[in-house]
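Enquirer: Sharing a structure here in structure tokens format.
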Amino acid sequence: MAIDFTLAPEHEEIRRRVREFVQQTVVPAVAPFERERRGAVRDEYLRVIVGLRGKAKELGLWLPHMPKEWGGMGLGHVALAMVQSEAAKTRLGPWILNCAAPDEGNMHTLLHWGTDEQKDRYLRPLLAGTVMSCFAMTEPEVAGSDPTLIRTSAVKDGDEWVINGHKWFISNARRASFAILVARTEPDVPEGARGATTAFLVDLPQQGWDDVREVETMHGSTGHSEIVITDLRLPDAQILGGRGNGHRLGQYRLGPARLAHCMRWISQAETALDMMVGRALARYSHGSLLAEKQGVQWMIADSAMELYQCKLMVLHAASKIDKGEDFRTEVSMAKHFVAGSLNRIVDRAIQVHGALGYSTDTPLASMFQHARWARFADGADEIHQMRIAERTIAAYRDTGSTSAATGGLPL
């Protein structure tokens, strides 16, 4: 059995092109806006980043995650991992290549679940980059990591559905032209069971959809909205993926989306490690460079080992997706481990930088705030641990071995 971690020549060439585009074009173009209040230069800022999207299209770096017949690069998940990690070296990179959340996951969802009419109406503009979207599932009253508890209701009234409910932390809602909304349509299905919810496509803005506020977080206003839905009316044609399939659709969307997050987080962790080592080699204290002090060396070593594990886990999980194998356990492990590693590596980088790392003079403070979000986004750490444990126990019960729950690797 061959185990080869080298990229095919054509994929190595794509990585080089993405890296050069991000470092030589994107970073210099957005740098003048990073320290200014973007509100004061909003029009110019938008003009620049929209222009960068056009440049990405010209260079053939648009939609790396979508099939070629839909205008994408046609990359598998292993190849996509290196594109996402290169793009995420700057905050706007994935958006400029049109492979950022939540639009990326919504594109996959529409491609797999949408009717031809829905693809023409919603997917094509999303692929063209002329609109943005959101995914409205999470609610404040129930655990966001358990979508079987969703309370937002959709009740049939003649030829329409009347929807009432409360959503929050809906990323991108204020910029979205449409939402994928998950609501309970099957009241006879017990709470906690699957098959009770349905996904709907909602054009925005629309009567009955009230974006009441952007939720403030530890790093300010983030584009995550609280939504109150009151007597929102939709016809059957707006159902996405069939009645009662809301849970299946959500799980289909979130699996690869979790791994895409990991790909981007690896890039952030690597940036933090680079900064940590650079600082250690430049800072002199108490008779030697920080890089020569054992305590700092341990932080660097721990970070390097964790980053290595992150990369291996993501590559293996991506390979299982590409092969059409069951990837749920591997993606859960990767999501849990990479999110935790990102937090630890950025924290160590701040420690090595001292007060400078705590300030906003480096990107580390902002990276740390976003890293904390990673441990509950798309499933809290503890939920993934629970699922990993369930599958490990099931593997032992079925086969007398836990091997299948640890990657099924030939070791």
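The way I read the labels, and the way they are meant: chains A, B, ... in the order of the structure tokens, residue 1 as the first residue of every chain, and ligand 1 as the first ligand shown, with later ones counted on from there.
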Write out as a list in words each polymer residue whose atoms come within 10 Å of region 47-49 of chain A, counting only C-alpha atoms; drop sequence neighbours fewer than 2 positions from it.

Expert: Val26, Ala29, Val30, Phe33, Arg42, Asp43, Glu44, Tyr45, Gly51, Leu52, Arg53, Gly54, Lys55, Leu92, Gly93, Trp95 and Ile96 of chain A

Enquirer: Take the residues just selected and output them with C-alpha atoms as a PDB file, in the first residue's frame.

Expert:
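Output below, filename out_34.pdb:
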```
ATOM      1  CA  VAL A  26      -4.022  40.351  -1.631  1.00  0.00           C
ATOM      2  CA  ALA A  29      -3.851  45.545  -1.375  1.00  0.00           C
ATOM      3  CA  VAL A  30      -5.700  45.255   1.957  1.00  0.00           C
ATOM      4  CA  PHE A  33      -7.101  49.392   5.431  1.00  0.00           C
ATOM      5  CA  ARG A  42     -15.841  51.649   3.277  1.00  0.00           C
ATOM      6  CA  ASP A  43     -16.456  52.400  -0.408  1.00  0.00           C
ATOM      7  CA  GLU A  44     -12.760  52.274  -1.284  1.00  0.00           C
ATOM      8  CA  TYR A  45     -12.279  49.134   0.826  1.00  0.00           C
ATOM      9  CA  GLY A  51     -11.408  43.946  -7.556  1.00  0.00           C
ATOM     10  CA  LEU A  52      -9.351  41.213  -5.929  1.00  0.00           C
ATOM     11  CA  ARG A  53     -12.203  38.757  -6.491  1.00  0.00           C
ATOM     12  CA  GLY A  54     -12.160  39.654 -10.157  1.00  0.00           C
ATOM     13  CA  LYS A  55      -8.418  39.051 -10.245  1.00  0.00           C
ATOM     14  CA  LEU A  92     -10.022  37.810   3.495  1.00  0.00           C
ATOM     15  CA  GLY A  93      -8.287  35.143   1.421  1.00  0.00           C
ATOM     16  CA  TRP A  95     -13.702  35.144   0.651  1.00  0.00           C
ATOM     17  CA  ILE A  96     -11.676  36.510  -2.263  1.00  0.00           C
TER      18      ILE A  96
END
```

Enquirer: Show me, as number ranges by chain, the residues that have an atom within 9 Å of Ala154 (chain A) when counting only C-alpha atoms, minus same-chain residues fewer than 4 positions from it.

Expert: A: 161-165, 183-186, 197-198, 232-233

Enquirer: Those residues you just picked out, can you put them in a file as a PDB file, in the first residue's frame with N, CA and C atoms?

Expert:
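Result saved to part-v5.pdb:
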```
ATOM      1  N   TRP A 161     -46.615  27.671   3.765  1.00  0.00           N
ATOM      2  CA  TRP A 161     -46.139  27.366   5.103  1.00  0.00           C
ATOM      3  C   TRP A 161     -46.028  28.673   5.887  1.00  0.00           C
ATOM      4  N   VAL A 162     -46.538  28.654   7.108  1.00  0.00           N
ATOM      5  CA  VAL A 162     -46.431  29.819   7.985  1.00  0.00           C
ATOM      6  C   VAL A 162     -45.380  29.494   9.041  1.00  0.00           C
ATOM      7  N   ILE A 163     -44.315  30.294   9.084  1.00  0.00           N
ATOM      8  CA  ILE A 163     -43.153  29.986   9.919  1.00  0.00           C
ATOM      9  C   ILE A 163     -43.013  31.020  11.017  1.00  0.00           C
ATOM     10  N   ASN A 164     -42.814  30.529  12.240  1.00  0.00           N
ATOM     11  CA  ASN A 164     -42.582  31.379  13.405  1.00  0.00           C
ATOM     12  C   ASN A 164     -41.429  30.791  14.215  1.00  0.00           C
ATOM     13  N   GLY A 165     -40.557  31.662  14.719  1.00  0.00           N
ATOM     14  CA  GLY A 165     -39.458  31.158  15.517  1.00  0.00           C
ATOM     15  C   GLY A 165     -38.418  32.210  15.820  1.00  0.00           C
ATOM     16  N   ALA A 183     -36.664  24.541   9.934  1.00  0.00           N
ATOM     17  CA  ALA A 183     -37.816  24.682  10.828  1.00  0.00           C
ATOM     18  C   ALA A 183     -38.489  23.329  11.024  1.00  0.00           C
ATOM     19  N   ARG A 184     -39.203  23.196  12.130  1.00  0.00           N
ATOM     20  CA  ARG A 184     -39.918  21.950  12.453  1.00  0.00           C
ATOM     21  C   ARG A 184     -41.242  21.928  11.695  1.00  0.00           C
ATOM     22  N   THR A 185     -41.404  20.923  10.839  1.00  0.00           N
ATOM     23  CA  THR A 185     -42.632  20.780  10.054  1.00  0.00           C
ATOM     24  C   THR A 185     -43.454  19.554  10.442  1.00  0.00           C
ATOM     25  N   GLU A 186     -42.860  18.646  11.221  1.00  0.00           N
ATOM     26  CA  GLU A 186     -43.528  17.377  11.549  1.00  0.00           C
ATOM     27  C   GLU A 186     -43.786  17.314  13.047  1.00  0.00           C
ATOM     28  N   THR A 197     -37.688  18.074  10.879  1.00  0.00           N
ATOM     29  CA  THR A 197     -37.439  19.410  10.351  1.00  0.00           C
ATOM     30  C   THR A 197     -37.284  19.402   8.832  1.00  0.00           C
ATOM     31  N   THR A 198     -37.466  20.587   8.271  1.00  0.00           N
ATOM     32  CA  THR A 198     -37.377  20.797   6.826  1.00  0.00           C
ATOM     33  C   THR A 198     -36.595  22.076   6.576  1.00  0.00           C
ATOM     34  N   LEU A 232     -43.918  34.266   8.735  1.00  0.00           N
ATOM     35  CA  LEU A 232     -43.239  34.258   7.439  1.00  0.00           C
ATOM     36  C   LEU A 232     -43.897  33.201   6.552  1.00  0.00           C
ATOM     37  N   ARG A 233     -44.324  33.594   5.365  1.00  0.00           N
ATOM     38  CA  ARG A 233     -45.070  32.683   4.485  1.00  0.00           C
ATOM     39  C   ARG A 233     -44.216  32.279   3.289  1.00  0.00           C
TER      40      ARG A 233
END
```

Enquirer: Restrict the calculation to only C-alpha atoms, then for each residue of region 116-218 of chain A with any atom at most 12 Å from an atom of region 383-402 of chain A give the closest atom pair and their distance in Å to one decimal, rows by chain and rising residue number, as a tab-separated table.

Expert:
```
residue	atom	partner	partner_atom	distance
A:Ala143	CA	A:Ile383	CA	10.8
A:Gly144	CA	A:Ile383	CA	10.7
A:Ser145	CA	A:Ile383	CA	7.2
A:Asp146	CA	A:Ile383	CA	9.0
```

Enquirer: As a PyMOL selection string, which residues of region 138-374 of chain A does DSSP assign to strand (DSSP E)?

Expert: chain A and resi 153-157+160-171+178-184+197-203+209-217+220-235+239-240+284-285+288-289

Enquirer: What is the distance between CA of Ser177 (chain A) and CA of His247 (chain A), in Å to one decimal?

Expert: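 Straight-line distance from CA of Ser177 (chain A) to CA of His247 (chain A) works out to 23.1 Å.
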
Enquirer: Among region 87-278 of chain A, which residues carry a DSSP assignment of helix (DSSP H, G or I), reported as a VMD selection string?

Expert: chain A and resid 87 93 to 96 103 to 113 116 to 128 147 to 149 173 to 175 236 to 238 246 to 278

Enquirer: Leaving out region 275-280 of chain A and any residue of its chain fewer than 6 positions from it, which residues lie within 6 Å of it when counting only C-alpha atoms, given as a PyMOL selection string?

Expert: chain A and resi 290-291+349

Enquirer: Find the residues near region 108-119 of chain A: any atom within 8 Å, counting only C-alpha atoms, skip ones fewer than 6 places away on the same chain, and give them as a PyMOL selection string.

Expert: chain A and resi 66+240-241+249+252-253

Enquirer: Would you compute the distance between CA of Ala272 (chain A) and CA of Val346 (chain A)? Give it in Å to one decimal.

Expert: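 Atom-to-atom, CA of Ala272 (chain A) to CA of Val346 (chain A), that is 5.5 Å.
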
Enquirer: Do a neighbour search on Pro67 (chain A) at 12 Å with only C-alpha atoms, toss out local chain neighbours closer than 3 positions, and write the hits as a list in words.

Expert: Trp62, Leu63, Pro64, Trp70, Gly71, Gly72, Met73, Gly74, Leu75, Gly76, His77, Leu80, Met107, His108, Leu111, His112 and Leu127 of chain A
